[in-house]
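Structure below is input34.csv: CSV, C-alpha atoms and all ligand atoms.
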```
chain,number,residue,atom,x,y,z
A,26,MET,CA,-47.1,57.2,48.9
A,27,PRO,CA,-47.1,54.1,46.8
A,28,ALA,CA,-47.3,50.5,48.2
A,29,VAL,CA,-45.0,49.7,51.1
A,30,THR,CA,-42.6,52.5,52.0
A,31,VAL,CA,-39.7,52.5,54.4
A,32,ALA,CA,-38.4,55.4,56.4
A,33,ASP,CA,-34.8,54.4,56.1
A,34,ILE,CA,-33.9,52.1,53.2
A,35,THR,CA,-30.3,51.8,54.3
A,36,VAL,CA,-31.2,49.5,57.2
A,37,LEU,CA,-32.5,46.8,54.7
A,38,PRO,CA,-30.4,43.9,53.4
A,39,ARG,CA,-28.5,45.1,50.4
A,40,VAL,CA,-28.5,43.3,47.1
A,41,VAL,CA,-25.0,43.2,45.6
A,42,ALA,CA,-24.3,41.8,42.1
A,43,ASP,CA,-21.2,39.7,41.5
A,44,PRO,CA,-18.7,42.1,39.9
A,45,VAL,CA,-17.8,39.6,37.2
A,46,SER,CA,-21.5,39.0,36.3
A,47,SER,CA,-22.7,39.8,32.9
A,48,ALA,CA,-25.3,42.6,32.6
A,49,ARG,CA,-28.2,41.8,30.3
A,50,ARG,CA,-28.4,44.0,27.2
A,51,VAL,CA,-31.6,45.6,26.1
A,52,LYS,CA,-33.5,43.7,23.4
A,53,SER,CA,-36.5,46.1,22.9
A,54,VAL,CA,-38.2,49.1,24.4
A,55,THR,CA,-41.9,49.6,23.6
A,56,THR,CA,-44.4,52.2,24.7
A,57,ALA,CA,-47.8,51.0,26.1
A,58,PRO,CA,-50.9,52.3,24.4
A,59,GLN,CA,-53.6,53.7,26.7
A,60,GLY,CA,-57.2,52.5,26.8
A,61,HIS,CA,-60.0,51.7,29.1
A,62,GLU,CA,-60.7,48.4,31.0
A,63,GLY,CA,-64.1,46.8,31.4
A,64,GLU,CA,-66.6,49.4,32.3
A,65,GLY,CA,-64.1,52.2,32.2
A,66,PHE,CA,-61.0,52.5,34.3
A,67,PRO,CA,-58.0,53.8,32.4
A,68,VAL,CA,-55.2,51.3,31.6
A,69,ARG,CA,-51.9,51.1,29.9
A,70,ARG,CA,-51.4,47.8,28.0
A,71,ALA,CA,-47.8,47.2,28.9
A,72,PHE,CA,-47.1,44.2,26.6
A,73,ALA,CA,-48.8,45.5,23.4
A,74,GLY,CA,-46.6,45.0,20.4
A,75,VAL,CA,-44.2,42.5,22.0
A,76,ASP,CA,-44.0,38.9,20.7
A,77,LEU,CA,-45.5,36.3,23.1
A,78,ALA,CA,-42.2,34.3,22.9
A,79,ASP,CA,-40.3,37.2,24.4
A,80,LEU,CA,-42.9,37.5,27.2
A,81,ASP,CA,-43.1,33.7,28.0
A,82,PRO,CA,-44.2,32.7,30.7
A,83,PHE,CA,-46.2,36.0,30.9
A,84,ILE,CA,-49.1,36.8,28.7
A,85,HIS,CA,-50.6,40.2,29.6
A,86,LEU,CA,-49.9,43.2,31.8
A,87,ASP,CA,-52.2,46.2,32.4
A,88,GLN,CA,-51.1,49.2,34.4
A,89,MET,CA,-54.4,50.4,36.0
A,90,GLY,CA,-54.4,54.1,36.5
A,91,GLU,CA,-52.7,56.1,37.9
A,92,VAL,CA,-56.0,58.0,38.1
A,93,GLU,CA,-57.6,60.4,40.5
A,94,TYR,CA,-61.3,59.5,40.5
A,95,ALA,CA,-64.1,62.0,41.1
A,96,PRO,CA,-66.8,60.9,43.5
A,97,GLY,CA,-69.1,58.4,41.7
A,98,GLU,CA,-66.6,57.7,39.0
A,99,PRO,CA,-64.7,54.5,39.9
A,100,LYS,CA,-65.6,51.5,37.8
A,101,GLY,CA,-64.8,47.8,37.8
A,102,THR,CA,-65.4,44.7,35.6
A,103,PRO,CA,-68.6,42.7,35.3
A,104,TRP,CA,-68.6,39.0,36.2
A,105,HIS,CA,-66.5,37.1,33.7
A,106,PRO,CA,-64.6,33.8,33.3
A,107,HIS,CA,-61.0,32.8,33.0
A,108,ARG,CA,-59.2,29.5,32.2
A,109,GLY,CA,-55.6,28.3,31.7
A,110,PHE,CA,-53.5,30.9,33.6
A,111,GLU,CA,-53.1,33.0,36.7
A,112,THR,CA,-53.9,36.7,37.4
A,113,VAL,CA,-51.7,38.7,39.8
A,114,THR,CA,-53.3,42.0,40.9
A,115,TYR,CA,-51.2,44.4,42.9
A,116,ILE,CA,-52.5,47.7,44.2
A,117,ILE,CA,-50.0,50.6,44.7
A,118,ASP,CA,-52.5,53.2,45.7
A,119,GLY,CA,-56.2,52.8,46.4
A,120,ILE,CA,-58.5,49.8,47.1
A,121,PHE,CA,-59.8,47.0,45.0
A,122,ASP,CA,-62.3,44.2,45.8
A,123,HIS,CA,-62.2,40.8,44.2
A,124,TYR,CA,-64.8,37.9,44.4
A,125,ASP,CA,-64.8,34.6,42.7
A,126,ASN,CA,-67.3,31.7,42.5
A,127,HIS,CA,-65.0,29.4,44.4
A,128,GLY,CA,-65.1,31.5,47.5
A,129,GLY,CA,-61.8,33.3,46.9
A,130,GLY,CA,-61.5,37.0,47.2
A,131,GLY,CA,-61.3,40.0,49.5
A,132,THR,CA,-60.2,43.6,49.6
A,133,ILE,CA,-56.7,44.7,48.8
A,134,SER,CA,-55.1,48.2,49.2
A,135,ASP,CA,-51.7,49.8,49.2
A,136,GLY,CA,-49.1,47.2,48.5
A,137,ASP,CA,-51.3,44.1,48.8
A,138,THR,CA,-51.6,41.4,46.1
A,139,GLN,CA,-54.4,39.1,45.0
A,140,TRP,CA,-53.2,36.0,43.2
A,141,MET,CA,-55.8,34.0,41.4
A,142,THR,CA,-55.1,30.7,39.7
A,143,ALA,CA,-57.9,30.3,37.2
A,144,GLY,CA,-56.7,26.8,36.3
A,145,ALA,CA,-59.6,24.7,34.8
A,146,GLY,CA,-62.0,27.6,35.1
A,147,ILE,CA,-63.4,30.3,37.3
A,148,LEU,CA,-65.8,33.3,37.3
A,149,HIS,CA,-64.8,36.5,39.1
A,150,ILE,CA,-65.5,40.2,39.5
A,151,GLU,CA,-62.9,43.0,40.1
A,152,THR,CA,-64.2,46.3,41.3
A,153,PRO,CA,-63.6,49.2,43.6
A,154,PRO,CA,-65.5,49.1,46.9
A,155,GLU,CA,-68.6,51.3,47.3
A,156,HIS,CA,-67.0,53.7,49.7
A,157,LEU,CA,-64.3,54.5,47.1
A,158,VAL,CA,-67.0,54.8,44.5
A,159,MET,CA,-68.7,57.3,46.7
A,160,SER,CA,-65.6,59.3,47.8
A,161,GLY,CA,-63.5,59.0,44.6
A,162,GLY,CA,-59.7,59.1,45.1
A,163,LEU,CA,-56.4,57.9,43.9
A,164,PHE,CA,-56.2,54.5,42.2
A,165,HIS,CA,-53.0,52.8,40.8
A,166,GLY,CA,-52.0,49.2,40.4
A,167,PHE,CA,-51.3,46.5,37.9
A,168,GLN,CA,-52.7,43.1,36.8
A,169,LEU,CA,-50.3,40.5,35.4
A,170,TRP,CA,-51.3,37.3,33.6
A,171,VAL,CA,-48.9,34.4,34.2
A,172,ASN,CA,-49.3,31.4,31.9
A,173,LEU,CA,-49.7,27.8,33.1
A,174,PRO,CA,-48.0,24.9,31.3
A,175,ALA,CA,-50.4,22.4,29.6
A,176,GLU,CA,-50.1,20.0,32.6
A,177,LYS,CA,-51.4,22.7,35.0
A,178,LYS,CA,-54.1,24.3,32.9
A,179,TRP,CA,-56.7,21.9,34.3
A,180,SER,CA,-55.7,22.3,38.0
A,181,PRO,CA,-58.4,23.4,40.5
A,182,PRO,CA,-58.8,27.1,40.9
A,183,ALA,CA,-56.9,28.7,43.8
A,184,TYR,CA,-56.6,32.0,45.5
A,185,GLN,CA,-53.8,33.7,47.5
A,186,ASP,CA,-54.2,36.8,49.5
A,187,LEU,CA,-50.7,38.4,49.9
A,188,ARG,CA,-50.5,41.3,52.3
A,189,ALA,CA,-48.1,44.2,51.9
A,190,SER,CA,-46.5,43.4,55.3
A,191,ASP,CA,-45.4,39.9,53.9
A,192,VAL,CA,-43.4,41.4,51.0
A,193,ALA,CA,-39.6,40.9,51.3
A,194,LEU,CA,-37.9,44.4,51.4
A,195,LEU,CA,-34.4,44.9,50.2
A,196,SER,CA,-32.1,47.7,49.1
A,197,SER,CA,-29.9,48.3,46.1
A,198,ALA,CA,-26.1,48.2,46.8
A,199,ASP,CA,-26.0,52.1,46.7
A,200,GLY,CA,-28.9,52.4,49.2
A,201,GLY,CA,-31.0,54.4,46.7
A,202,ALA,CA,-33.5,51.8,45.6
A,203,LEU,CA,-36.2,50.0,47.6
A,204,LEU,CA,-37.0,46.5,46.3
A,205,ARG,CA,-40.3,44.8,47.2
A,206,VAL,CA,-40.1,41.1,46.3
A,207,ILE,CA,-43.7,40.0,45.7
A,208,ALA,CA,-43.0,36.5,44.4
A,209,GLY,CA,-39.9,34.4,43.6
A,210,GLU,CA,-36.5,35.2,44.9
A,211,VAL,CA,-33.8,37.9,44.8
A,212,ALA,CA,-30.4,37.1,46.2
A,213,GLY,CA,-31.8,34.4,48.5
A,214,HIS,CA,-34.7,36.6,49.8
A,215,LYS,CA,-38.1,35.1,49.0
A,216,GLY,CA,-41.3,36.9,48.3
A,217,PRO,CA,-44.7,35.6,49.7
A,218,GLY,CA,-46.3,34.6,46.4
A,219,SER,CA,-46.5,30.8,45.7
A,220,THR,CA,-45.9,30.4,42.0
A,221,GLN,CA,-47.2,27.5,39.8
A,222,THR,CA,-44.7,28.7,37.1
A,223,PRO,CA,-41.3,29.6,38.4
A,224,ILE,CA,-41.2,33.5,38.3
A,225,THR,CA,-39.9,36.5,40.2
A,226,ILE,CA,-41.9,39.8,40.6
A,227,VAL,CA,-40.2,42.9,42.1
A,228,HIS,CA,-41.7,46.4,42.5
A,229,ALA,CA,-38.7,48.8,42.8
A,230,THR,CA,-38.7,52.5,43.8
A,231,LEU,CA,-35.5,54.3,42.8
A,232,GLN,CA,-34.5,57.7,44.3
A,233,PRO,CA,-33.1,60.2,41.8
A,234,GLY,CA,-29.6,59.1,40.7
A,235,ALA,CA,-29.9,55.6,42.2
A,236,GLN,CA,-28.6,52.6,40.3
A,237,LEU,CA,-29.9,49.1,40.7
A,238,ARG,CA,-27.8,46.1,39.6
A,239,LEU,CA,-30.2,43.2,40.4
A,240,PRO,CA,-28.9,39.6,40.3
A,241,TRP,CA,-31.3,37.7,38.1
A,242,ASN,CA,-31.7,34.0,37.4
A,243,PRO,CA,-29.9,33.4,34.0
A,244,ASN,CA,-32.6,30.8,33.1
A,245,TYR,CA,-35.4,33.4,33.4
A,246,ASN,CA,-36.4,36.0,30.9
A,247,ALA,CA,-36.3,39.6,32.1
A,248,LEU,CA,-38.8,42.4,31.6
A,249,ALA,CA,-39.0,45.9,33.2
A,250,TYR,CA,-42.0,48.2,33.0
A,251,VAL,CA,-41.8,51.8,34.1
A,252,LEU,CA,-44.8,52.7,36.2
A,253,HIS,CA,-43.6,56.2,36.8
A,254,GLY,CA,-40.5,58.3,36.2
A,255,HIS,CA,-37.4,58.6,34.0
A,256,GLY,CA,-34.2,56.6,33.8
A,257,THR,CA,-32.0,54.3,31.8
A,258,VAL,CA,-31.7,50.5,31.4
A,259,GLY,CA,-28.7,48.3,30.7
A,260,ASP,CA,-25.0,49.3,30.9
A,261,GLU,CA,-25.6,50.9,27.5
A,262,LYS,CA,-27.9,53.4,29.3
A,263,HIS,CA,-30.9,53.2,27.0
A,264,PRO,CA,-33.4,55.9,28.0
A,265,ILE,CA,-36.8,54.8,29.4
A,266,LYS,CA,-39.8,56.6,30.9
A,267,THR,CA,-43.3,56.1,32.2
A,268,GLY,CA,-45.3,53.5,30.3
A,269,GLN,CA,-42.4,51.9,28.6
A,270,LEU,CA,-41.5,48.2,28.7
A,271,VAL,CA,-37.9,46.8,28.3
A,272,THR,CA,-37.2,43.2,27.2
A,273,TYR,CA,-33.6,42.1,28.1
A,274,ARG,CA,-31.3,39.6,26.4
A,275,ASP,CA,-29.5,36.8,28.3
A,276,GLY,CA,-27.3,37.5,31.3
A,277,ASP,CA,-27.4,37.4,35.1
A,278,VAL,CA,-27.8,41.0,36.1
A,279,ILE,CA,-30.6,43.5,35.4
A,280,VAL,CA,-29.3,47.2,35.3
A,281,ILE,CA,-31.7,50.1,35.9
A,282,SER,CA,-30.8,53.7,36.8
A,283,ALA,CA,-33.0,56.6,37.8
A,284,ASN,CA,-32.2,60.0,36.2
A,285,THR,CA,-31.1,62.6,38.7
A,286,VAL,CA,-34.0,64.8,37.6
A,287,GLN,CA,-37.5,63.4,38.0
A,288,GLU,CA,-40.9,65.0,38.0
A,289,SER,CA,-41.4,67.3,41.0
A,290,ARG,CA,-44.8,65.9,42.0
A,291,ALA,CA,-43.5,62.3,42.4
A,292,PRO,CA,-39.7,62.5,42.5
A,293,GLN,CA,-39.0,58.7,42.5
A,294,MET,CA,-38.8,56.2,39.6
A,295,ASP,CA,-41.2,53.3,40.1
A,296,ILE,CA,-40.5,50.2,38.0
A,297,LEU,CA,-41.9,46.6,37.9
A,298,ILE,CA,-39.3,43.9,37.2
A,299,LEU,CA,-40.5,40.5,36.0
A,300,GLY,CA,-39.0,37.3,34.8
A,301,GLY,CA,-39.7,33.6,34.7
A,302,GLN,CA,-38.8,30.2,33.3
A,303,PRO,CA,-40.2,30.1,29.8
A,304,ILE,CA,-42.8,27.5,29.3
A,305,LYS,CA,-42.0,27.1,25.6
A,306,GLU,CA,-45.4,25.7,24.6
A,307,SER,CA,-47.8,27.0,21.9
A,308,VAL,CA,-50.2,29.7,23.1
A,309,ALA,CA,-53.7,30.1,21.9
A,310,TRP,CA,-55.3,33.1,23.4
A,311,MET,CA,-58.7,34.8,22.9
A,312,GLY,CA,-60.4,37.1,25.4
A,313,PRO,CA,-60.3,35.6,28.9
A,314,PHE,CA,-58.9,32.2,28.0
A,315,VAL,CA,-55.2,31.2,27.4
A,316,MET,CA,-54.8,27.6,26.2
A,317,ASN,CA,-52.4,25.7,24.0
A,318,THR,CA,-54.6,25.1,20.9
A,319,LYS,CA,-57.5,26.8,19.1
A,320,ALA,CA,-59.7,23.8,19.8
A,321,GLU,CA,-59.1,24.3,23.6
A,322,VAL,CA,-60.0,28.0,23.4
A,323,LEU,CA,-63.2,27.2,21.5
A,324,LYS,CA,-64.0,24.5,24.1
A,325,ALA,CA,-63.5,27.1,26.8
A,326,PHE,CA,-66.1,29.4,25.2
A,327,ASP,CA,-68.4,26.4,24.8
A,328,ASP,CA,-67.9,25.3,28.4
A,329,PHE,CA,-68.6,28.8,29.6
A,330,GLN,CA,-71.9,29.0,27.6
A,331,LYS,CA,-72.9,25.6,29.1
A,332,GLY,CA,-72.2,26.9,32.6
A,333,VAL,CA,-69.3,24.4,33.1
A,334,LEU,CA,-67.2,27.3,34.5
A,335,GLY,CA,-69.9,28.0,37.1
A,336,VAL,CA,-72.5,30.5,38.0
A,337,VAL,CA,-72.5,33.9,39.8
A,338,PRO,CA,-72.8,33.1,43.6
A,339,PRO,CA,-76.2,34.1,45.0
A,340,ASP,CA,-74.7,36.2,47.8
A,341,TRP,CA,-72.1,38.2,45.9
A,342,SER,CA,-74.2,41.4,45.8
A,343,LYS,CA,-74.1,41.7,49.6
A,344,ALA,CA,-70.4,42.2,49.4
A,345,VAL,CA,-70.1,44.0,46.0
A,346,ARG,CA,-72.3,46.9,45.7
A,347,PRO,CA,-71.1,49.3,42.9
A,348,LEU,CA,-72.5,47.2,40.1
A,349,GLN,CA,-75.9,47.3,41.6
A,350,ARG,CA,-76.4,50.9,40.7
A,351,ASP,CA,-78.1,50.0,37.4
A,352,GLY,CA,-79.9,47.0,39.0
A,353,ALA,CA,-78.3,44.6,36.5
A,354,GLY,CA,-76.2,42.9,39.2
A,355,HIS,CA,-79.1,41.3,40.9
A,356,LYS,CA,-80.3,39.5,37.8
A,357,LEU,CA,-77.0,37.6,37.5
A,358,SER,CA,-77.1,35.6,40.8
A,359,GLY,CA,-77.3,31.9,40.1
A,360,VAL,CA,-76.7,32.2,36.4
A,361,ARG,CA,-73.7,32.6,34.2
A,362,PRO,CA,-72.7,36.1,33.2
A,363,THR,CA,-74.0,37.5,29.9
A,364,GLY,CA,-72.5,40.3,27.8
A,365,ASP,CA,-69.2,40.7,26.1
A,366,ILE,CA,-66.8,38.5,28.0
A,367,LYS,CA,-64.1,38.8,25.3
A,368,GLY,CA,-63.7,42.6,25.8
A,369,VAL,CA,-63.5,42.7,29.6
A,370,HIS,CA,-59.7,43.0,29.8
A,371,ASN,CA,-59.1,44.5,26.4
A,372,THR,CA,-57.5,41.2,25.4
A,373,PRO,CA,-57.5,39.9,21.8
A,374,ASP,CA,-61.1,39.3,20.5
A,375,GLU,CA,-59.7,37.2,17.7
A,376,LEU,CA,-57.6,34.1,18.2
A,377,ASN,CA,-54.0,34.9,18.9
A,378,VAL,CA,-51.7,31.9,18.3
A,379,SER,CA,-48.0,31.6,18.9
A,380,GLY,CA,-45.7,28.6,18.9
A,381,GLN,CA,-45.5,25.2,17.2
A,382,ARG,CA,-48.0,22.9,18.9
A,383,GLU,CA,-51.2,24.0,17.1
A,384,GLU,CA,-53.4,21.0,16.1
B,401,MN,MN,-60.5,39.0,35.1
```
If you took the structure in this file and wrote it as structure tokens, what would it be?
Ligand code: MN
Amino acid sequence: MPAVTVADITVLPRVVADPVSSARRVKSVTTAPQGHEGEGFPVRRAFAGVDLADLDPFIHLDQMGEVEYAPGEPKGTPWHPHRGFETVTYIIDGIFDHYDNHGGGGTISDGDTQWMTAGAGILHIETPPEHLVMSGGLFHGFQLWVNLPAEKKWSPPAYQDLRASDVALLSSADGGALLRVIAGEVAGHKGPGSTQTPITIVHATLQPGAQLRLPWNPNYNALAYVLHGHGTVGDEKHPIKTGQLVTYRDGDVIVISANTVQESRAPQMDILILGGQPIKESVAWMGPFVMNTKAEVLKAFDDFQKGVLGVVPPDWSKAVRPLQRDGAGHKLSGVRPTGDIKGVHNTPDELNVSGQREE
């Protein structure tokens, strides 16, 4: 079963939208293309084809899996840098290890979250643990990139380890949807994530026929991404299914309904609901760096080449074993990573610029 589950949803606090509130209308529905991340795990690129201005303050969202690995098959990323934003990694099924060169990291599994503030610059590795590589098994999660405003892009790197047991659990008014508040606030109930940029992240599971009317900060944008299942969004009941992203227009309630008929192998609808205070600055993004200007992105690549973002810690290979299989991992300790850092997350390998502040 995915993430945190509850035997009886009806005992949880219920979220009731004000009856006179205005439901957000659907602005767009897009379908995520499928590809492969890093050294090979399957991903859906949830934000592909959507204008960065509609995503603001978010940049990038990858649904990792859902995949059933054969023994020996699980893959992770090599060591690589980031600067200028935060990564939020949430595991629904399976196990993931994370290590960075500032001492952050650990292992997360069903319902846990790793929250890394890259800030001024960091190196990290994201990989399944060796026992999962050996055994194979189910793997499903997502990684979200949250932008930082210019004044916070140079803040020191930070790491938060959020456990599944810390997530705030709520129910829809009809008792048919389980809401897991990972960060931000829903109807006064706060999630555990400490956010640099004001955002709310909710992982919802809707039983067949359930309807969710979720009060939402009218100053935030609103996005919903279907991890699994079939349903409709908005009071206009726009159809939506696995791998589709909704952007909403203004309003103070998000409406999501699960169809009464779902797939028999996983009869619930799972959906990720996101929003935040738009930063409204220019975005210059290439590969692993998200800055305000082209000059800052080029400087990030230059700083990485010079080792300003750090080197691979000498003891990492004791903890992270899968990438030793080809022996290449040992050669990295104490030096900066080599290889194609632009392609690690399937992010743009050419400069992607949005907004007005380009110099
Ligand atoms: Mn990364």
Residues near Thr142 in chain A, anyone? I mean within 7 Å using only C-alpha atoms, not counting same-chain ones fewer than 6 positions away, as a list of chain:residue names. A:Phe110, A:Glu111, A:Thr112, A:Pro182, A:Ala183, A:Tyr184
Distance filter 12 Å around ligand MN 401 (chain B), atoms: all atoms listed in the file, out as a VMD selection string: chain A and resid 62 to 63 85 to 87 101 to 108 110 to 114 123 to 125 139 to 143 146 to 152 168 to 170 312 to 314 366 to 372
Show me a table, sorted first by chain and then by increasing residue number, of the residues of range 274-332 of chain A having an atom at most 10 Å from range 171-177 of chain A, each with its shortest atom pair and the distance in Å to one decimal, counting only C-alpha atoms and written as CSV.
```
residue,atom,partner,partner_atom,distance
A:Gly301,CA,A:Val171,CA,9.2
A:Pro303,CA,A:Asn172,CA,9.4
A:Ile304,CA,A:Pro174,CA,6.1
A:Lys305,CA,A:Pro174,CA,8.6
A:Glu306,CA,A:Pro174,CA,7.2
A:Ser307,CA,A:Ala175,CA,9.3
A:Val308,CA,A:Asn172,CA,9.0
A:Val315,CA,A:Asn172,CA,7.4
A:Met316,CA,A:Ala175,CA,7.6
A:Asn317,CA,A:Ala175,CA,6.8
```
List as number ranges by chain the residues having at least one atom at most 6 Å from position (-40.1, 44.3, 27.7) as given in the file, counting only C-alpha atoms. A: 248-249, 270-272
Expected residue set, 12 Å radius at (-35.3, 40.5, 49.4), all atoms listed in the file, as a PDB file with C-alpha atoms, keeping the file's coordinate frame:
```pdb
ATOM      1  CA  LEU A  37     -32.500  46.800  54.700  1.00  0.00           C
ATOM      2  CA  PRO A  38     -30.400  43.900  53.400  1.00  0.00           C
ATOM      3  CA  ARG A  39     -28.500  45.100  50.400  1.00  0.00           C
ATOM      4  CA  VAL A  40     -28.500  43.300  47.100  1.00  0.00           C
ATOM      5  CA  VAL A  41     -25.000  43.200  45.600  1.00  0.00           C
ATOM      6  CA  ASP A 191     -45.400  39.900  53.900  1.00  0.00           C
ATOM      7  CA  VAL A 192     -43.400  41.400  51.000  1.00  0.00           C
ATOM      8  CA  ALA A 193     -39.600  40.900  51.300  1.00  0.00           C
ATOM      9  CA  LEU A 194     -37.900  44.400  51.400  1.00  0.00           C
ATOM     10  CA  LEU A 195     -34.400  44.900  50.200  1.00  0.00           C
ATOM     11  CA  SER A 196     -32.100  47.700  49.100  1.00  0.00           C
ATOM     12  CA  SER A 197     -29.900  48.300  46.100  1.00  0.00           C
ATOM     13  CA  LEU A 203     -36.200  50.000  47.600  1.00  0.00           C
ATOM     14  CA  LEU A 204     -37.000  46.500  46.300  1.00  0.00           C
ATOM     15  CA  ARG A 205     -40.300  44.800  47.200  1.00  0.00           C
ATOM     16  CA  VAL A 206     -40.100  41.100  46.300  1.00  0.00           C
ATOM     17  CA  ILE A 207     -43.700  40.000  45.700  1.00  0.00           C
ATOM     18  CA  ALA A 208     -43.000  36.500  44.400  1.00  0.00           C
ATOM     19  CA  GLY A 209     -39.900  34.400  43.600  1.00  0.00           C
ATOM     20  CA  GLU A 210     -36.500  35.200  44.900  1.00  0.00           C
ATOM     21  CA  VAL A 211     -33.800  37.900  44.800  1.00  0.00           C
ATOM     22  CA  ALA A 212     -30.400  37.100  46.200  1.00  0.00           C
ATOM     23  CA  GLY A 213     -31.800  34.400  48.500  1.00  0.00           C
ATOM     24  CA  HIS A 214     -34.700  36.600  49.800  1.00  0.00           C
ATOM     25  CA  LYS A 215     -38.100  35.100  49.000  1.00  0.00           C
ATOM     26  CA  GLY A 216     -41.300  36.900  48.300  1.00  0.00           C
ATOM     27  CA  PRO A 217     -44.700  35.600  49.700  1.00  0.00           C
ATOM     28  CA  THR A 225     -39.900  36.500  40.200  1.00  0.00           C
ATOM     29  CA  ILE A 226     -41.900  39.800  40.600  1.00  0.00           C
ATOM     30  CA  VAL A 227     -40.200  42.900  42.100  1.00  0.00           C
ATOM     31  CA  HIS A 228     -41.700  46.400  42.500  1.00  0.00           C
ATOM     32  CA  ALA A 229     -38.700  48.800  42.800  1.00  0.00           C
ATOM     33  CA  LEU A 239     -30.200  43.200  40.400  1.00  0.00           C
ATOM     34  CA  PRO A 240     -28.900  39.600  40.300  1.00  0.00           C
TER      35      PRO A 240
END
```
Within 10 Å of Ile279 in chain A using all atoms listed in the file, minus same-chain residues under 6 positions, as a short mmCIF file (atom, residue, chain, number, x, y, z; two decimals) with C-alpha atoms, in the coordinates of the input:
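The resulting file, part05.cif, is shown below:
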```
data_model
loop_
_atom_site.label_atom_id
_atom_site.label_comp_id
_atom_site.auth_asym_id
_atom_site.auth_seq_id
_atom_site.Cartn_x
_atom_site.Cartn_y
_atom_site.Cartn_z
CA ALA A 42 -24.30 41.80 42.10
CA SER A 47 -22.70 39.80 32.90
CA ALA A 48 -25.30 42.60 32.60
CA ARG A 49 -28.20 41.80 30.30
CA ARG A 50 -28.40 44.00 27.20
CA VAL A 51 -31.60 45.60 26.10
CA LEU A 237 -29.90 49.10 40.70
CA ARG A 238 -27.80 46.10 39.60
CA LEU A 239 -30.20 43.20 40.40
CA PRO A 240 -28.90 39.60 40.30
CA TRP A 241 -31.30 37.70 38.10
CA ASN A 242 -31.70 34.00 37.40
CA ALA A 247 -36.30 39.60 32.10
CA LEU A 248 -38.80 42.40 31.60
CA ALA A 249 -39.00 45.90 33.20
CA VAL A 258 -31.70 50.50 31.40
CA GLY A 259 -28.70 48.30 30.70
CA ASP A 260 -25.00 49.30 30.90
CA TYR A 273 -33.60 42.10 28.10
CA ILE A 298 -39.30 43.90 37.20
#
```
Using only C-alpha atoms, which protein or nucleic acid residues come within 8 Å of Gly201 in chain A? Drop anything in the same chain fewer than 2 positions from it, and give the result as number ranges by chain. A: 34, 196-199, 203, 231-236
For the selection just defined, write its residues with C-alpha atoms to a file, as a PDB file, keeping the file's coordinate frame.
```pdb
ATOM      1  CA  ILE A  34     -33.900  52.100  53.200  1.00  0.00           C
ATOM      2  CA  SER A 196     -32.100  47.700  49.100  1.00  0.00           C
ATOM      3  CA  SER A 197     -29.900  48.300  46.100  1.00  0.00           C
ATOM      4  CA  ALA A 198     -26.100  48.200  46.800  1.00  0.00           C
ATOM      5  CA  ASP A 199     -26.000  52.100  46.700  1.00  0.00           C
ATOM      6  CA  LEU A 203     -36.200  50.000  47.600  1.00  0.00           C
ATOM      7  CA  LEU A 231     -35.500  54.300  42.800  1.00  0.00           C
ATOM      8  CA  GLN A 232     -34.500  57.700  44.300  1.00  0.00           C
ATOM      9  CA  PRO A 233     -33.100  60.200  41.800  1.00  0.00           C
ATOM     10  CA  GLY A 234     -29.600  59.100  40.700  1.00  0.00           C
ATOM     11  CA  ALA A 235     -29.900  55.600  42.200  1.00  0.00           C
ATOM     12  CA  GLN A 236     -28.600  52.600  40.300  1.00  0.00           C
TER      13      GLN A 236
END
```
Just to confirm, what's the straight-line distance from CA of Asp295 in chain A to CA of Ala32 in chain A in Å (one decimal)?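 Pair CA of Asp295 in chain A / CA of Ala32 in chain A returns 16.7 Å.
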Ranking A:Gly200, A:Gly74, A:Pro154, A:Gly359 by minimum distance to Thr55 in chain A and counting all atoms listed in the file, which one comes first?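 Among the listed residues, A:Gly74 lies closest to Thr55 in chain A.
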Residues near Ala189 in chain A, cut-off 7 Å, all atoms listed in the file, skip fewer than 3 positions along chain, as a ChimeraX atom specification: /A:29,136-137,192
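The gap separating CA of Ser134 in chain A from CA of Gly97 in chain A is 18.9 Å, in Å to one decimal.
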Expressed in Å, the length from CA of Gly254 in chain A to CA of Lys266 in chain A is 5.6 Å
Pick the closest to Ser53 in chain A from A:Val36, A:Val68, A:Leu80, A:Ala28: which is it, counting only C-alpha atoms?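 Among the listed residues, A:Leu80 lies closest to Ser53 in chain A.
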In terms of only C-alpha atoms, the residue from A:Ala145, A:Ser379, A:Ala57, A:His263 at minimal distance from Tyr250 in chain A is A:Ala57
Minimum-distance residue to Arg290 in chain A, chosen among A:Asp118, A:Gly276, A:His253, A:Gly380 (using only C-alpha atoms):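 Using only C-alpha atoms, the shortest distance to Arg290 in chain A belongs to A:His253.
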